[in-house]
Amino acid sequence: MDQIQLRTFSDYEKAYAASINDPVKFWEEIAAAYSWQAPWHKTLEWEFETPAVKWFQGGRLNITENCLDRHLKERGADIALLWEPNDPKEQEVRLTYSELHNEVSRFANVLKAKGVKKGDRVAVYMPMIPELTIGVLACARIGAVHSVVFAGFSSNALADRINDSQCVCVLTADGMYRGSKALPVKATVDEALEQCTSVESVIVVRRDGRDVTMVEGRDCWYHEAVVEVDTDCPAEPMDAEDLLFILYTSGSTGKPKGVVHTCGGYMVYAGYSFKNVFQYERGDVYWCTADVGWITGHSYIIYGPLLNGATTLMFEGVPTFPDAGRFWDVCDKYGVNQFYTAPTAIRALMACGDEFVDRAELGALKVIGSVGEPINAEAWHWYHDRVGRGNCPVVDTWWQTETGGIMISGLGNLSPQRPTYAGRPLPGIQPVLLDAESNEIEGDGVEGYLCIKHPWPSMLRTTYGDHERCKNVYFSNYEGYYFTGDGARREEGMYRIIGRVDDVINVSGHRFGTAEIENAINASPLVTESAVVGYPHDIKGQGIYAYVIVDGATQDVQAVRTSIIDTLVAEIGAIAKPDVIQIVPGLPKTRSGKIMRRILRKVAEGDTTNLGDTSTLLDPSIVEIIKADANQLRK
């Protein structure tokens, strides 16, 4: 794959120009570096009105042949997957490409033995253990569509996702370790499946040895099923536009949307972006700290690294267990060369003090990356100076679940860097800034709505089962453009992401629609109505601030807060818990009933002196009450 690697900034400039002048030719040359079972007959067909985007039509492939089989001759003995357990005293796992190929083939045969076939949807609800990666690849091997659900989500959230895509099989584990805790996993699946009718089989990996309920005829232990199959599993031929996976993400309306990615284009872009953003070389050890339940784990723990024959590290634990030096201990243990984490983790570790990072050597690091949200200047400098020792470029990456891969970033040490700026667009990506009237804003030192005006191979194709929603969310705001939902600033060709412009809150890199959280809060029997906004949070980037109207008979404020948190944990998961819950007698609404969220955001941010015009509100006095109560909360 070395022919697709950019090695100088001049290489980047030439590649970018070529990708804009003739996108079809550019991506044809990149795609040709992969193994195809049959060639494509049309590279690109697209329009953004419907929308309809198709790449490499007629091409036949299986992504696992490019992740595994293609490397066996030259890299079969190279380490493909390193697994570091939650407990540093437990033995790590090292799988070569040959071993990983065998394990994927065996898991794929277990799936086939359970009746899973091409096109079936498979839910994956597992901790960060090797079998998660193996199971995902096993689905792709046989042409089943994997839908990974983060194992911190509640049973209701899992059930919603299973039902939306009508999954026929669930891959899970008995339990999981997270820091000092051992947590149930299979029990959550059992609870979810009480609401699901499509699931025919559940495959359970043993992790913590806890007792679990096994439903006869539906559930099986993986360690028992795998001994009944062999390692011979030919890769299922897939059309380039066949579904590879569905990944659910929150939007500005309550129901999570299933973002659909397809086999050919996603493969081409995930491999290309990984190689160039991280400037990976054979023999390097690469570590992305994300969970596979998020798109970062899909593209930059599993697919991107393995497409390049890389050694990818997978971590089960948390950055502060057994102490706040765990990340840096792991970097030293394996000689990590490329390290990719979230600003939330960086800020949290900053707050723990420098002694934890200073005790580590970190001498192997060559590139350090940031993902999930914009990184603030203070965190950028600490990361660069303390972790990178002033010698490593910081690749501050901007992208989304919907984009499939990194869109704007520095490229290792090739590109100029500026704190808080993600960098330049990757070759093939054509970002623009638009004003409110859909005019493109030219020049530097300008701000606008960040949109993309030409398709790229790994962009979403639809939202599962609801193409109209895909059109409305991403392609209706600005005709002829993909709308990212972000505002941005451009300076000297580099982009700084200002933040979301819709009702989406980015908490530690996890996106939640305000409606999704409000719906869960309103499910509490003590709540009449609620409104949720994001506000700046020193560690998480954004925190969740909930304004809640309670039932008139309710007097116990603590009981209300407990009920809200319990309901949210049950409906979504602990990661959606509000940082602040303010009980209010009413909400600032216009005469038409619309909640004035800008006022609630200002109050949440502590800015109560510049709320703008409140004369259009049905009851302007409610604002003064909310302001006074918020000030009391802060004392």
# chains A, B, ... in the order shown; residues from 1 in each chain; ligands from 1
>>> residues_around(residues="region 460-468 of chain A", least_positions_apart="2", cutoff="8 Å", atoms="only C-alpha atoms", output="number ranges by chain")
A: 52-53, 164-165, 246, 257-262, 402-404, 458, 470-472
>>> closest_atom_pairs(of="region 473-554 of chain A", to="region 417-429 of chain A", cutoff="10 Å", atoms="only C-alpha atoms", output="tab-separated table")
residue	atom	partner	partner_atom	distance
A:Ala488	CA	A:Tyr421	CA	9.7
A:Arg489	CA	A:Tyr421	CA	8.7
A:Arg490	CA	A:Tyr421	CA	8.8
A:Glu491	CA	A:Tyr421	CA	8.7
A:Glu492	CA	A:Arg424	CA	9.3
A:Gly493	CA	A:Arg424	CA	6.3
A:Met494	CA	A:Gly423	CA	4.5
A:Tyr495	CA	A:Gly423	CA	5.5
A:Arg496	CA	A:Tyr421	CA	4.3
A:Ile497	CA	A:Tyr421	CA	7.2
A:Ile498	CA	A:Thr420	CA	9.5
>>> residues_around(residues="Glu516 (chain A)", least_positions_apart="4", cutoff="12 Å", atoms="only C-alpha atoms", output="PyMOL selection string")
chain A and resi 157+249-257+503-505+511-512+520-523+530-533+568+571-573+576
>>> select_by_dssp(residues="region 394-626 of chain A", states="helix (DSSP H, G or I)", output="ChimeraX atom specification")
/A:467-475,514-522,557-571,574-576,597-604,621-626
>>> closest_residue(among="A:Val189, A:Ala324, A:Val357, A:Leu434", to="Arg161 (chain A)", atoms="only C-alpha atoms")
A:Val189
>>> closest_residue(among="A:Ser201, A:Thr43, A:Asn477, A:Thr609", to="Leu111 (chain A)", atoms="only C-alpha atoms")
A:Ser201
>>> residues_around(residues="Ile295 (chain A)", least_positions_apart="5", cutoff="9 Å", atoms="only C-alpha atoms", output="list in words")
Leu247, Ala290, Tyr300, Gln400, Thr401, Glu402, Gly404 and Gly405 of chain A
>>> select_by_dssp(residues="region 273-462 of chain A", states="strand (DSSP E or B)", output="JSON, numbers by chain")
{"A": [285, 286, 287, 288, 311, 312, 313, 314, 315, 338, 339, 340, 341, 367, 368, 369, 370, 394, 395, 396, 398, 408, 409, 423, 424, 425, 431, 432, 433, 434, 440, 446, 447, 448, 449, 450, 451, 452, 462]}
>>> residues_around(residues="Glu45 (chain A)", least_positions_apart="6", cutoff="12 Å", atoms="only C-alpha atoms", output="tab-separated table (two decimals) with all heavy atoms, in the first residue's frame")
chain	number	residue	atom	x	y	z
A	23	PRO	N	-11.62	14.03	-9.68
A	23	PRO	CA	-11.86	13.12	-8.55
A	23	PRO	C	-11.98	11.66	-8.95
A	23	PRO	O	-11.52	10.77	-8.24
A	23	PRO	CB	-13.18	13.64	-7.96
A	23	PRO	CG	-13.30	15.05	-8.42
A	23	PRO	CD	-12.63	15.09	-9.77
A	24	VAL	N	-12.59	11.41	-10.11
A	24	VAL	CA	-12.78	10.02	-10.54
A	24	VAL	C	-11.44	9.34	-10.78
A	24	VAL	O	-11.18	8.24	-10.27
A	24	VAL	CB	-13.65	9.98	-11.81
A	24	VAL	CG1	-13.61	8.59	-12.45
A	24	VAL	CG2	-15.09	10.36	-11.48
A	51	PRO	N	-30.72	12.09	-1.60
A	51	PRO	CA	-29.48	11.99	-2.38
A	51	PRO	C	-29.25	10.54	-2.84
A	51	PRO	O	-29.83	9.60	-2.30
A	51	PRO	CB	-28.42	12.38	-1.34
A	51	PRO	CG	-28.97	11.82	-0.06
A	51	PRO	CD	-30.47	11.95	-0.14
A	52	ALA	N	-28.36	10.40	-3.83
A	52	ALA	CA	-27.95	9.07	-4.29
A	52	ALA	C	-26.47	9.15	-4.66
A	52	ALA	O	-26.09	9.91	-5.55
A	52	ALA	CB	-28.77	8.62	-5.49
A	53	VAL	N	-25.66	8.38	-3.97
A	53	VAL	CA	-24.21	8.35	-4.21
A	53	VAL	C	-23.77	6.90	-4.34
A	53	VAL	O	-24.06	6.08	-3.47
A	53	VAL	CB	-23.44	9.03	-3.06
A	53	VAL	CG1	-21.93	8.92	-3.28
A	53	VAL	CG2	-23.86	10.49	-2.91
A	54	LYS	N	-23.06	6.59	-5.42
A	54	LYS	CA	-22.57	5.23	-5.64
A	54	LYS	C	-21.12	5.29	-6.11
A	54	LYS	O	-20.80	6.02	-7.05
A	54	LYS	CB	-23.43	4.50	-6.68
A	54	LYS	CG	-24.88	4.30	-6.25
A	54	LYS	CD	-25.70	3.62	-7.34
A	54	LYS	CE	-27.15	3.46	-6.91
A	54	LYS	NZ	-27.97	2.83	-7.99
A	55	TRP	N	-20.28	4.52	-5.46
A	55	TRP	CA	-18.86	4.44	-5.83
A	55	TRP	C	-18.52	3.01	-6.27
A	55	TRP	O	-18.98	2.04	-5.68
A	55	TRP	CB	-17.97	4.81	-4.64
A	55	TRP	CG	-17.87	6.27	-4.34
A	55	TRP	CD1	-18.66	7.01	-3.51
A	55	TRP	CD2	-16.91	7.20	-4.88
A	55	TRP	NE1	-18.26	8.31	-3.49
A	55	TRP	CE2	-17.18	8.46	-4.32
A	55	TRP	CE3	-15.84	7.06	-5.78
A	55	TRP	CZ2	-16.43	9.59	-4.62
A	55	TRP	CZ3	-15.09	8.19	-6.08
A	55	TRP	CH2	-15.39	9.43	-5.51
A	56	PHE	N	-17.68	2.92	-7.30
A	56	PHE	CA	-17.10	1.64	-7.75
A	56	PHE	C	-18.20	0.62	-8.09
A	56	PHE	O	-18.12	-0.55	-7.70
A	56	PHE	CB	-16.14	1.09	-6.70
A	56	PHE	CG	-15.14	2.11	-6.22
A	56	PHE	CD1	-15.15	2.56	-4.90
A	56	PHE	CD2	-14.21	2.65	-7.08
A	56	PHE	CE1	-14.25	3.52	-4.45
A	56	PHE	CE2	-13.28	3.61	-6.65
A	56	PHE	CZ	-13.32	4.04	-5.33
A	57	GLN	N	-19.19	1.08	-8.85
A	57	GLN	CA	-20.32	0.21	-9.18
A	57	GLN	C	-19.88	-1.01	-9.97
A	57	GLN	O	-19.09	-0.91	-10.91
A	57	GLN	CB	-21.36	0.99	-9.99
A	57	GLN	CG	-22.14	1.98	-9.17
A	57	GLN	CD	-23.21	2.67	-10.00
A	57	GLN	OE1	-24.23	2.09	-10.34
A	57	GLN	NE2	-22.96	3.92	-10.35
A	58	GLY	N	-20.42	-2.14	-9.59
A	58	GLY	CA	-20.09	-3.40	-10.24
A	58	GLY	C	-18.87	-4.08	-9.67
A	58	GLY	O	-18.62	-5.26	-9.94
A	241	GLU	N	-21.33	-1.51	-3.29
A	241	GLU	CA	-22.39	-0.74	-2.63
A	241	GLU	C	-23.25	-1.58	-1.69
A	241	GLU	O	-24.24	-1.08	-1.14
A	241	GLU	CB	-23.27	-0.03	-3.66
A	241	GLU	CG	-22.62	1.21	-4.26
A	241	GLU	CD	-22.35	2.30	-3.22
A	241	GLU	OE1	-23.19	2.51	-2.34
A	241	GLU	OE2	-21.28	2.93	-3.28
A	454	HIS	N	-18.72	17.94	-2.73
A	454	HIS	CA	-18.51	16.83	-3.66
A	454	HIS	C	-18.41	15.54	-2.85
A	454	HIS	O	-17.87	15.54	-1.74
A	454	HIS	CB	-17.21	17.04	-4.46
A	454	HIS	CG	-17.06	16.11	-5.63
A	454	HIS	ND1	-16.55	14.83	-5.49
A	454	HIS	CD2	-17.36	16.26	-6.94
A	454	HIS	CE1	-16.54	14.25	-6.69
A	454	HIS	NE2	-17.03	15.09	-7.58
A	455	PRO	N	-18.93	14.44	-3.38
A	455	PRO	CA	-18.90	13.19	-2.61
A	455	PRO	C	-17.49	12.64	-2.44
A	455	PRO	O	-16.60	12.91	-3.24
A	455	PRO	CB	-19.76	12.23	-3.44
A	455	PRO	CG	-19.72	12.78	-4.83
A	455	PRO	CD	-19.61	14.27	-4.68
A	456	TRP	N	-17.31	11.88	-1.38
A	456	TRP	CA	-16.07	11.15	-1.11
A	456	TRP	C	-16.46	9.70	-0.87
A	456	TRP	O	-17.62	9.40	-0.55
A	456	TRP	CB	-15.33	11.76	0.09
A	456	TRP	CG	-16.09	11.70	1.38
A	456	TRP	CD1	-15.95	10.81	2.40
A	456	TRP	CD2	-17.18	12.57	1.77
A	456	TRP	NE1	-16.85	11.07	3.40
A	456	TRP	CE2	-17.62	12.14	3.04
A	456	TRP	CE3	-17.81	13.66	1.17
A	456	TRP	CZ2	-18.67	12.75	3.73
A	456	TRP	CZ3	-18.86	14.28	1.85
A	456	TRP	CH2	-19.27	13.83	3.11
A	457	PRO	N	-15.54	8.76	-1.03
A	457	PRO	CA	-15.95	7.34	-1.06
A	457	PRO	C	-16.63	6.83	0.20
A	457	PRO	O	-17.50	5.97	0.11
A	457	PRO	CB	-14.62	6.62	-1.32
A	457	PRO	CG	-13.79	7.61	-2.06
A	457	PRO	CD	-14.14	8.94	-1.45
>>> residues_around(residues="Gly143 (chain A)", least_positions_apart="2", cutoff="7 Å", atoms="only C-alpha atoms", output="list in words")
Lys117, Lys118, Gly119, Cys139, Ala140, Arg141, Val145, Glu236 and Met238 of chain A
>>> residues_around(residues="Thr213 (chain A)", least_positions_apart="5", cutoff="9 Å", atoms="only C-alpha atoms", output="list in words")
Lys186, Ala187, Asp190 and Asp219 of chain A
>>> closest_residue(among="A:Glu479, A:Glu361, A:Asp486, A:Glu84", to="Asn439 (chain A)", atoms="only C-alpha atoms")
A:Glu479
>>> closest_atom_pairs(of="region 24-64 of chain A", to="region 224-235 of chain A", cutoff="10 Å", atoms="only C-alpha atoms", output="JSON lines")
{"residue": "A:Leu61", "atom": "CA", "partner": "A:Ala235", "partner_atom": "CA", "distance": 8.6}
{"residue": "A:Asn62", "atom": "CA", "partner": "A:Ala235", "partner_atom": "CA", "distance": 6.2}
{"residue": "A:Ile63", "atom": "CA", "partner": "A:Ala235", "partner_atom": "CA", "distance": 8.7}
{"residue": "A:Thr64", "atom": "CA", "partner": "A:Ala235", "partner_atom": "CA", "distance": 7.3}
>>> write_last_selection(atoms="N, CA and C atoms", output="short mmCIF file (atom, residue, chain, number, x, y, z; two decimals), in the first residue's frame")
data_model
loop_
_atom_site.label_atom_id
_atom_site.label_comp_id
_atom_site.auth_asym_id
_atom_site.auth_seq_id
_atom_site.Cartn_x
_atom_site.Cartn_y
_atom_site.Cartn_z
N LEU A 61 -15.83 -7.40 -4.01
CA LEU A 61 -14.72 -7.46 -3.05
C LEU A 61 -15.25 -8.03 -1.76
N ASN A 62 -14.33 -8.34 -0.86
CA ASN A 62 -14.68 -8.53 0.55
C ASN A 62 -13.63 -7.81 1.36
N ILE A 63 -14.06 -6.91 2.23
CA ILE A 63 -13.12 -6.06 2.95
C ILE A 63 -12.16 -6.88 3.81
N THR A 64 -12.59 -8.05 4.29
CA THR A 64 -11.70 -8.85 5.13
C THR A 64 -10.56 -9.46 4.33
#
>>> closest_residue(among="A:Leu313, A:Ala559, A:Ala546, A:Val584", to="Arg601 (chain A)", atoms="only C-alpha atoms")
A:Ala546
>>> atom_distance(atom1="CA of Leu306 (chain A)", atom2="CA of Gly271 (chain A)")
8.2 Å
